[in-house]
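This is run_37.pdb (PDB, C-alpha atoms).
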```
ATOM      1  CA  MET Y   1     -30.931 -12.515  -5.743  1.00  0.00           C
ATOM      2  CA  SER Y   2     -30.982 -15.677  -7.808  1.00  0.00           C
ATOM      3  CA  GLU Y   3     -30.843 -19.073  -6.174  1.00  0.00           C
ATOM      4  CA  HIS Y   4     -28.226 -20.315  -8.645  1.00  0.00           C
ATOM      5  CA  TYR Y   5     -25.016 -19.036 -10.186  1.00  0.00           C
ATOM      6  CA  HIS Y   6     -26.089 -18.971 -13.829  1.00  0.00           C
ATOM      7  CA  ASP Y   7     -29.060 -16.651 -14.129  1.00  0.00           C
ATOM      8  CA  ALA Y   8     -29.838 -15.218 -17.564  1.00  0.00           C
ATOM      9  CA  ALA Y   9     -30.933 -11.998 -15.845  1.00  0.00           C
ATOM     10  CA  ASP Y  10     -27.296 -11.454 -14.829  1.00  0.00           C
ATOM     11  CA  LEU Y  11     -26.499 -10.619 -18.442  1.00  0.00           C
ATOM     12  CA  LYS Y  12     -28.261  -7.296 -17.873  1.00  0.00           C
ATOM     13  CA  LEU Y  13     -25.261  -6.383 -15.730  1.00  0.00           C
ATOM     14  CA  LEU Y  14     -23.150  -6.274 -18.893  1.00  0.00           C
ATOM     15  CA  ARG Y  15     -24.571  -2.792 -19.434  1.00  0.00           C
ATOM     16  CA  ASP Y  16     -23.121  -1.738 -16.089  1.00  0.00           C
ATOM     17  CA  MET Y  17     -19.794  -3.321 -16.958  1.00  0.00           C
ATOM     18  CA  ARG Y  18     -19.724  -1.401 -20.245  1.00  0.00           C
ATOM     19  CA  LYS Y  19     -20.295   1.892 -18.392  1.00  0.00           C
ATOM     20  CA  LEU Y  20     -17.785   1.114 -15.633  1.00  0.00           C
ATOM     21  CA  ALA Y  21     -14.916   0.081 -17.922  1.00  0.00           C
ATOM     22  CA  PRO Y  22     -15.792   1.223 -21.447  1.00  0.00           C
ATOM     23  CA  ALA Y  23     -12.380   0.794 -23.092  1.00  0.00           C
ATOM     24  CA  ASP Y  24     -11.823  -2.670 -21.645  1.00  0.00           C
ATOM     25  CA  TYR Y  25     -15.379  -3.707 -22.435  1.00  0.00           C
ATOM     26  CA  GLU Y  26     -15.051  -2.590 -26.069  1.00  0.00           C
ATOM     27  CA  ALA Y  27     -11.722  -4.443 -26.370  1.00  0.00           C
ATOM     28  CA  TRP Y  28     -13.371  -7.612 -25.050  1.00  0.00           C
ATOM     29  CA  LEU Y  29     -16.324  -7.146 -27.419  1.00  0.00           C
ATOM     30  CA  ALA Y  30     -13.998  -6.703 -30.406  1.00  0.00           C
ATOM     31  CA  LEU Y  31     -12.112  -9.853 -29.442  1.00  0.00           C
ATOM     32  CA  ASP Y  32     -15.354 -11.783 -29.059  1.00  0.00           C
ATOM     33  CA  ARG Y  33     -16.482 -10.696 -32.539  1.00  0.00           C
ATOM     34  CA  ILE Y  34     -13.658 -12.567 -34.265  1.00  0.00           C
ATOM     35  CA  VAL Y  35     -15.570 -15.818 -33.768  1.00  0.00           C
ATOM     36  CA  GLY Y  36     -18.540 -14.740 -35.874  1.00  0.00           C
ATOM     37  CA  ARG Y  37     -16.663 -13.803 -39.026  1.00  0.00           C
ATOM     38  CA  ASP Y  38     -15.009 -15.601 -41.881  1.00  0.00           C
ATOM     39  CA  GLY Y  39     -11.242 -15.559 -42.140  1.00  0.00           C
ATOM     40  CA  ALA Y  40      -8.700 -18.192 -43.094  1.00  0.00           C
ATOM     41  CA  ILE Y  41     -10.892 -20.354 -40.850  1.00  0.00           C
ATOM     42  CA  PRO Y  42     -14.526 -20.192 -41.983  1.00  0.00           C
ATOM     43  CA  ARG Y  43     -17.150 -18.956 -39.505  1.00  0.00           C
ATOM     44  CA  LYS Y  44     -18.727 -22.394 -39.105  1.00  0.00           C
ATOM     45  CA  TYR Y  45     -15.440 -23.869 -37.889  1.00  0.00           C
ATOM     46  CA  ARG Y  46     -14.787 -20.874 -35.655  1.00  0.00           C
ATOM     47  CA  GLU Y  47     -18.177 -21.427 -34.014  1.00  0.00           C
ATOM     48  CA  LEU Y  48     -17.469 -25.145 -33.580  1.00  0.00           C
ATOM     49  CA  MET Y  49     -14.107 -24.321 -31.999  1.00  0.00           C
ATOM     50  CA  ALA Y  50     -15.858 -21.833 -29.731  1.00  0.00           C
ATOM     51  CA  ILE Y  51     -18.349 -24.508 -28.673  1.00  0.00           C
ATOM     52  CA  ALA Y  52     -15.501 -26.875 -27.811  1.00  0.00           C
ATOM     53  CA  VAL Y  53     -13.754 -24.206 -25.749  1.00  0.00           C
ATOM     54  CA  ALA Y  54     -17.030 -23.185 -24.093  1.00  0.00           C
ATOM     55  CA  CYS Y  55     -17.614 -26.810 -23.126  1.00  0.00           C
ATOM     56  CA  THR Y  56     -14.201 -26.994 -21.470  1.00  0.00           C
ATOM     57  CA  THR Y  57     -14.603 -23.640 -19.717  1.00  0.00           C
ATOM     58  CA  GLN Y  58     -18.188 -24.626 -18.883  1.00  0.00           C
ATOM     59  CA  CYS Y  59     -19.663 -21.246 -19.790  1.00  0.00           C
ATOM     60  CA  PRO Y  60     -23.392 -21.749 -20.378  1.00  0.00           C
ATOM     61  CA  TYR Y  61     -23.757 -18.314 -21.977  1.00  0.00           C
ATOM     62  CA  CYS Y  62     -20.950 -19.045 -24.449  1.00  0.00           C
ATOM     63  CA  ILE Y  63     -22.357 -22.487 -25.212  1.00  0.00           C
ATOM     64  CA  GLU Y  64     -25.740 -20.967 -26.044  1.00  0.00           C
ATOM     65  CA  ALA Y  65     -24.335 -18.084 -28.095  1.00  0.00           C
ATOM     66  CA  HIS Y  66     -21.999 -20.265 -30.122  1.00  0.00           C
ATOM     67  CA  ALA Y  67     -24.540 -23.045 -30.635  1.00  0.00           C
ATOM     68  CA  ARG Y  68     -26.819 -20.415 -32.150  1.00  0.00           C
ATOM     69  CA  GLY Y  69     -23.906 -19.025 -34.159  1.00  0.00           C
ATOM     70  CA  ALA Y  70     -22.996 -22.497 -35.403  1.00  0.00           C
ATOM     71  CA  ALA Y  71     -26.581 -23.121 -36.490  1.00  0.00           C
ATOM     72  CA  ALA Y  72     -26.602 -19.815 -38.372  1.00  0.00           C
ATOM     73  CA  ALA Y  73     -23.281 -20.728 -39.998  1.00  0.00           C
ATOM     74  CA  GLY Y  74     -24.644 -24.066 -41.254  1.00  0.00           C
ATOM     75  CA  ALA Y  75     -23.242 -26.511 -38.718  1.00  0.00           C
ATOM     76  CA  THR Y  76     -25.017 -29.814 -38.190  1.00  0.00           C
ATOM     77  CA  ARG Y  77     -26.116 -31.492 -34.974  1.00  0.00           C
ATOM     78  CA  GLU Y  78     -23.447 -34.132 -35.621  1.00  0.00           C
ATOM     79  CA  GLU Y  79     -20.746 -31.439 -35.790  1.00  0.00           C
ATOM     80  CA  ILE Y  80     -21.948 -29.941 -32.497  1.00  0.00           C
ATOM     81  CA  VAL Y  81     -21.724 -33.347 -30.812  1.00  0.00           C
ATOM     82  CA  GLU Y  82     -18.289 -34.091 -32.280  1.00  0.00           C
ATOM     83  CA  ALA Y  83     -16.947 -30.682 -31.196  1.00  0.00           C
ATOM     84  CA  SER Y  84     -18.262 -31.324 -27.683  1.00  0.00           C
ATOM     85  CA  LEU Y  85     -16.710 -34.784 -27.552  1.00  0.00           C
ATOM     86  CA  VAL Y  86     -13.360 -33.562 -28.878  1.00  0.00           C
ATOM     87  CA  ALA Y  87     -13.416 -31.040 -26.022  1.00  0.00           C
ATOM     88  CA  ALA Y  88     -14.275 -33.810 -23.558  1.00  0.00           C
ATOM     89  CA  ALA Y  89     -11.407 -35.949 -24.848  1.00  0.00           C
ATOM     90  CA  LEU Y  90      -8.919 -33.120 -24.429  1.00  0.00           C
ATOM     91  CA  ARG Y  91     -10.221 -32.289 -20.982  1.00  0.00           C
ATOM     92  CA  ALA Y  92      -9.925 -35.945 -19.985  1.00  0.00           C
ATOM     93  CA  GLY Y  93      -6.435 -36.044 -21.468  1.00  0.00           C
ATOM     94  CA  ALA Y  94      -5.442 -33.028 -19.405  1.00  0.00           C
ATOM     95  CA  ALA Y  95      -6.769 -34.717 -16.268  1.00  0.00           C
ATOM     96  CA  ALA Y  96      -4.723 -37.826 -17.024  1.00  0.00           C
ATOM     97  CA  THR Y  97      -1.530 -35.912 -17.742  1.00  0.00           C
ATOM     98  CA  HIS Y  98      -2.028 -33.799 -14.626  1.00  0.00           C
ATOM     99  CA  GLY Y  99      -2.320 -37.124 -12.831  1.00  0.00           C
ATOM    100  CA  THR Y 100       1.327 -37.706 -13.749  1.00  0.00           C
ATOM    101  CA  MET Y 101       2.167 -34.485 -11.897  1.00  0.00           C
ATOM    102  CA  ALA Y 102       0.283 -35.731  -8.836  1.00  0.00           C
ATOM    103  CA  LEU Y 103       2.240 -38.987  -9.006  1.00  0.00           C
ATOM    104  CA  LYS Y 104       5.549 -37.097  -9.373  1.00  0.00           C
ATOM    105  CA  PHE Y 105       4.794 -34.927  -6.327  1.00  0.00           C
ATOM    106  CA  PHE Y 106       3.644 -37.951  -4.349  1.00  0.00           C
ATOM    107  CA  ASP Y 107       6.841 -39.841  -5.206  1.00  0.00           C
ATOM    108  CA  ALA Y 108       8.961 -36.840  -4.178  1.00  0.00           C
ATOM    109  CA  ALA Y 109       7.117 -36.526  -0.856  1.00  0.00           C
ATOM    110  CA  ALA Y 110       7.428 -40.268  -0.219  1.00  0.00           C
ATOM    111  CA  ALA Y 111      11.154 -40.140  -0.967  1.00  0.00           C
ATOM    112  CA  THR Y 112      11.581 -37.207   1.425  1.00  0.00           C
ATOM    113  CA  GLN Y 113       9.675 -39.080   4.134  1.00  0.00           C
ATOM    114  CA  ALA Y 114      11.710 -42.225   3.564  1.00  0.00           C
ATOM    115  CA  ALA Y 115      14.960 -40.241   3.787  1.00  0.00           C
ATOM    116  CA  ALA Y 116      13.799 -38.547   6.985  1.00  0.00           C
ATOM    117  CA  GLN Y 117      12.953 -41.925   8.525  1.00  0.00           C
ATOM    118  CA  THR Y 118      16.352 -43.331   7.561  1.00  0.00           C
ATOM    119  CA  THR Y 119      18.215 -40.456   9.248  1.00  0.00           C
ATOM    120  CA  THR Y 120      16.173 -40.724  12.457  1.00  0.00           C
ATOM    121  CA  VAL Y 121      16.711 -44.481  12.844  1.00  0.00           C
TER     122      VAL Y 121
END
```

Kindly return the structure encoded in the file as structure tokens.
Amino acid sequence: MSEHYHDAADLKLLRDMRKLAPADYEAWLALDRIVGRDGAIPRKYRELMAIAVACTTQCPYCIEAHARGAAAAGATREEIVEASLVAAALRAGAAATHGTMALKFFDAAAATQAAAQTTTV
């Protein structure tokens, strides 16, 4: 067994997954293929979007696959960095806005505690 969670050898288990759930596996594979084609959004931009999402989901396999795909589609190093930083900005924004939820729940708990103290005095 590997000493870390992300071991490239684990990808060999995809063969087992394909055999164990062939219909679901093929559906996932078909969905994954939409990134590497041109559509209304050109392939290069699809790959850059995939890199941004992979950075936020922190999937090292996806980051590698889509970095390679972006290179093949003509992306530049600058575009890779910008896509990564856009992802970082959105992830940071989500943390900040979720902070408002933490504050809301804290305020509600504090109000409940204050009310309970008032009724016991």

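In this comparison, which uses only C-alpha atoms, the residue of Y:Thr97, Y:Pro22, Y:Thr118, Y:Arg46 approaching Ala70 of chain Y most closely is Y:Arg46.
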
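The spacing separating atom CA of Arg68 of chain Y from atom CA of Leu48 of chain Y amounts to 10.6 Å.
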
**OP:** Convert the output of the PyMOL selection byres ((chain Y and resi 79) around 12) on the shown file into explicit residues, formatted as a PyMOL selection string.
**Re:** chain Y and resi 44-45+47-49+51-52+67+70-71+73-78+80-86

Original post:
With only C-alpha atoms as the atoms that count, which of Y:Ala87, Y:Pro60, Y:Ile41, Y:Leu14 lies nearest to Leu29 of chain Y?
Top reply: Y:Leu14

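Here atom CA of Asp16 of chain Y stands at a distance of 23.8 Å from atom CA of Val35 of chain Y.
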
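Of the residues listed (Y:Ala88, Y:Ala8, Y:Ala27, Y:Ala108), Y:Ala88 shows the shortest atom-to-atom separation from Cys55 of chain Y; distances use all atoms listed in the file.
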
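Restricting the calculation to all atoms listed in the file, the smallest distance between Cys59 of chain Y and any of Y:Ala102, Y:Ala116, Y:Ala23, Y:Asp7 is found for Y:Asp7.
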
**OP:** Between atom CA of Arg43 of chain Y and atom CA of Thr56 of chain Y, measure the distance and give it in Å to one decimal.
**Re:** 20.0 Å

**OP:** Using all atoms listed in the file, pick whichever of Y:Gly69, Y:Leu11, Y:His98, Y:Ala115 has the shortest atom-to-atom distance to Arg37 of chain Y.
**Re:** Y:Gly69

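Among the candidate residues Y:Glu26, Y:Asp32, Y:Thr120, Y:Asp38, the one lying nearest to Cys62 of chain Y is Y:Asp32, with distances computed using all atoms listed in the file.
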
For segment 81-88 of chain Y, take all atoms listed in the file, fit an axis-aligned box around them, add 6 Å to each of the six sides, then output centre and edge lengths in Å rounded to one decimal, as lines of an AutoDock Vina configuration file.
```
center_x = -17.5
center_y = -32.7
center_z = -27.9
size_x = 20.4
size_y = 16.1
size_z = 20.7
```

Filled-in N, CA and C atoms of segment 34-66 of chain Y, supplied as a PDB file, in the frame of the given file:
```pdb
ATOM      1  N   ILE Y  34     -14.442 -11.840 -33.271  1.00  0.00           N
ATOM      2  CA  ILE Y  34     -13.658 -12.567 -34.265  1.00  0.00           C
ATOM      3  C   ILE Y  34     -14.218 -13.968 -34.521  1.00  0.00           C
ATOM      4  N   VAL Y  35     -14.993 -14.490 -33.581  1.00  0.00           N
ATOM      5  CA  VAL Y  35     -15.570 -15.818 -33.768  1.00  0.00           C
ATOM      6  C   VAL Y  35     -16.598 -15.802 -34.887  1.00  0.00           C
ATOM      7  N   GLY Y  36     -17.414 -14.763 -34.952  1.00  0.00           N
ATOM      8  CA  GLY Y  36     -18.540 -14.740 -35.874  1.00  0.00           C
ATOM      9  C   GLY Y  36     -18.239 -14.223 -37.260  1.00  0.00           C
ATOM     10  N   ARG Y  37     -17.003 -14.269 -37.671  1.00  0.00           N
ATOM     11  CA  ARG Y  37     -16.663 -13.803 -39.026  1.00  0.00           C
ATOM     12  C   ARG Y  37     -15.880 -14.879 -39.768  1.00  0.00           C
ATOM     13  N   ASP Y  38     -15.840 -14.722 -41.062  1.00  0.00           N
ATOM     14  CA  ASP Y  38     -15.009 -15.601 -41.881  1.00  0.00           C
ATOM     15  C   ASP Y  38     -13.600 -15.037 -41.939  1.00  0.00           C
ATOM     16  N   GLY Y  39     -12.645 -15.915 -41.972  1.00  0.00           N
ATOM     17  CA  GLY Y  39     -11.242 -15.559 -42.140  1.00  0.00           C
ATOM     18  C   GLY Y  39     -10.597 -16.740 -42.833  1.00  0.00           C
ATOM     19  N   ALA Y  40      -9.335 -16.990 -42.555  1.00  0.00           N
ATOM     20  CA  ALA Y  40      -8.700 -18.192 -43.094  1.00  0.00           C
ATOM     21  C   ALA Y  40      -9.455 -19.423 -42.597  1.00  0.00           C
ATOM     22  N   ILE Y  41     -10.016 -19.308 -41.395  1.00  0.00           N
ATOM     23  CA  ILE Y  41     -10.892 -20.354 -40.850  1.00  0.00           C
ATOM     24  C   ILE Y  41     -12.319 -19.866 -41.034  1.00  0.00           C
ATOM     25  N   PRO Y  42     -13.145 -20.616 -41.754  1.00  0.00           N
ATOM     26  CA  PRO Y  42     -14.526 -20.192 -41.983  1.00  0.00           C
ATOM     27  C   PRO Y  42     -15.319 -20.078 -40.675  1.00  0.00           C
ATOM     28  N   ARG Y  43     -16.337 -19.228 -40.698  1.00  0.00           N
ATOM     29  CA  ARG Y  43     -17.150 -18.956 -39.505  1.00  0.00           C
ATOM     30  C   ARG Y  43     -17.685 -20.240 -38.868  1.00  0.00           C
ATOM     31  N   LYS Y  44     -18.163 -21.171 -39.674  1.00  0.00           N
ATOM     32  CA  LYS Y  44     -18.727 -22.394 -39.105  1.00  0.00           C
ATOM     33  C   LYS Y  44     -17.708 -23.097 -38.216  1.00  0.00           C
ATOM     34  N   TYR Y  45     -16.470 -23.188 -38.672  1.00  0.00           N
ATOM     35  CA  TYR Y  45     -15.440 -23.869 -37.889  1.00  0.00           C
ATOM     36  C   TYR Y  45     -15.038 -23.045 -36.673  1.00  0.00           C
ATOM     37  N   ARG Y  46     -15.061 -21.732 -36.804  1.00  0.00           N
ATOM     38  CA  ARG Y  46     -14.787 -20.874 -35.655  1.00  0.00           C
ATOM     39  C   ARG Y  46     -15.844 -21.102 -34.571  1.00  0.00           C
ATOM     40  N   GLU Y  47     -17.097 -21.199 -34.983  1.00  0.00           N
ATOM     41  CA  GLU Y  47     -18.177 -21.427 -34.014  1.00  0.00           C
ATOM     42  C   GLU Y  47     -18.041 -22.807 -33.367  1.00  0.00           C
ATOM     43  N   LEU Y  48     -17.668 -23.807 -34.151  1.00  0.00           N
ATOM     44  CA  LEU Y  48     -17.469 -25.145 -33.580  1.00  0.00           C
ATOM     45  C   LEU Y  48     -16.305 -25.153 -32.596  1.00  0.00           C
ATOM     46  N   MET Y  49     -15.233 -24.438 -32.929  1.00  0.00           N
ATOM     47  CA  MET Y  49     -14.107 -24.321 -31.999  1.00  0.00           C
ATOM     48  C   MET Y  49     -14.556 -23.616 -30.724  1.00  0.00           C
ATOM     49  N   ALA Y  50     -15.370 -22.581 -30.891  1.00  0.00           N
ATOM     50  CA  ALA Y  50     -15.858 -21.833 -29.731  1.00  0.00           C
ATOM     51  C   ALA Y  50     -16.731 -22.717 -28.849  1.00  0.00           C
ATOM     52  N   ILE Y  51     -17.533 -23.574 -29.455  1.00  0.00           N
ATOM     53  CA  ILE Y  51     -18.349 -24.508 -28.673  1.00  0.00           C
ATOM     54  C   ILE Y  51     -17.449 -25.441 -27.875  1.00  0.00           C
ATOM     55  N   ALA Y  52     -16.417 -25.967 -28.512  1.00  0.00           N
ATOM     56  CA  ALA Y  52     -15.501 -26.875 -27.811  1.00  0.00           C
ATOM     57  C   ALA Y  52     -14.848 -26.168 -26.626  1.00  0.00           C
ATOM     58  N   VAL Y  53     -14.383 -24.959 -26.841  1.00  0.00           N
ATOM     59  CA  VAL Y  53     -13.754 -24.206 -25.749  1.00  0.00           C
ATOM     60  C   VAL Y  53     -14.780 -23.899 -24.664  1.00  0.00           C
ATOM     61  N   ALA Y  54     -15.979 -23.497 -25.066  1.00  0.00           N
ATOM     62  CA  ALA Y  54     -17.030 -23.185 -24.093  1.00  0.00           C
ATOM     63  C   ALA Y  54     -17.396 -24.412 -23.263  1.00  0.00           C
ATOM     64  N   CYS Y  55     -17.344 -25.583 -23.889  1.00  0.00           N
ATOM     65  CA  CYS Y  55     -17.614 -26.810 -23.126  1.00  0.00           C
ATOM     66  C   CYS Y  55     -16.522 -27.047 -22.089  1.00  0.00           C
ATOM     67  N   THR Y  56     -15.275 -26.767 -22.434  1.00  0.00           N
ATOM     68  CA  THR Y  56     -14.201 -26.994 -21.470  1.00  0.00           C
ATOM     69  C   THR Y  56     -14.184 -25.924 -20.382  1.00  0.00           C
ATOM     70  N   THR Y  57     -14.551 -24.688 -20.733  1.00  0.00           N
ATOM     71  CA  THR Y  57     -14.603 -23.640 -19.717  1.00  0.00           C
ATOM     72  C   THR Y  57     -15.933 -23.657 -18.976  1.00  0.00           C
ATOM     73  N   GLN Y  58     -16.865 -24.422 -19.487  1.00  0.00           N
ATOM     74  CA  GLN Y  58     -18.188 -24.626 -18.883  1.00  0.00           C
ATOM     75  C   GLN Y  58     -18.955 -23.320 -18.729  1.00  0.00           C
ATOM     76  N   CYS Y  59     -18.934 -22.511 -19.784  1.00  0.00           N
ATOM     77  CA  CYS Y  59     -19.663 -21.246 -19.790  1.00  0.00           C
ATOM     78  C   CYS Y  59     -21.008 -21.448 -20.488  1.00  0.00           C
ATOM     79  N   PRO Y  60     -22.101 -21.497 -19.742  1.00  0.00           N
ATOM     80  CA  PRO Y  60     -23.392 -21.749 -20.378  1.00  0.00           C
ATOM     81  C   PRO Y  60     -23.802 -20.652 -21.356  1.00  0.00           C
ATOM     82  N   TYR Y  61     -23.411 -19.405 -21.073  1.00  0.00           N
ATOM     83  CA  TYR Y  61     -23.757 -18.314 -21.977  1.00  0.00           C
ATOM     84  C   TYR Y  61     -23.012 -18.469 -23.307  1.00  0.00           C
ATOM     85  N   CYS Y  62     -21.747 -18.837 -23.232  1.00  0.00           N
ATOM     86  CA  CYS Y  62     -20.950 -19.045 -24.449  1.00  0.00           C
ATOM     87  C   CYS Y  62     -21.471 -20.243 -25.237  1.00  0.00           C
ATOM     88  N   ILE Y  63     -21.827 -21.302 -24.528  1.00  0.00           N
ATOM     89  CA  ILE Y  63     -22.357 -22.487 -25.212  1.00  0.00           C
ATOM     90  C   ILE Y  63     -23.607 -22.109 -25.992  1.00  0.00           C
ATOM     91  N   GLU Y  64     -24.505 -21.368 -25.355  1.00  0.00           N
ATOM     92  CA  GLU Y  64     -25.740 -20.967 -26.044  1.00  0.00           C
ATOM     93  C   GLU Y  64     -25.443 -20.060 -27.232  1.00  0.00           C
ATOM     94  N   ALA Y  65     -24.627 -19.034 -27.020  1.00  0.00           N
ATOM     95  CA  ALA Y  65     -24.335 -18.084 -28.095  1.00  0.00           C
ATOM     96  C   ALA Y  65     -23.674 -18.764 -29.283  1.00  0.00           C
ATOM     97  N   HIS Y  66     -22.728 -19.657 -29.012  1.00  0.00           N
ATOM     98  CA  HIS Y  66     -21.999 -20.265 -30.122  1.00  0.00           C
ATOM     99  C   HIS Y  66     -22.763 -21.428 -30.754  1.00  0.00           C
TER     100      HIS Y  66
END
```
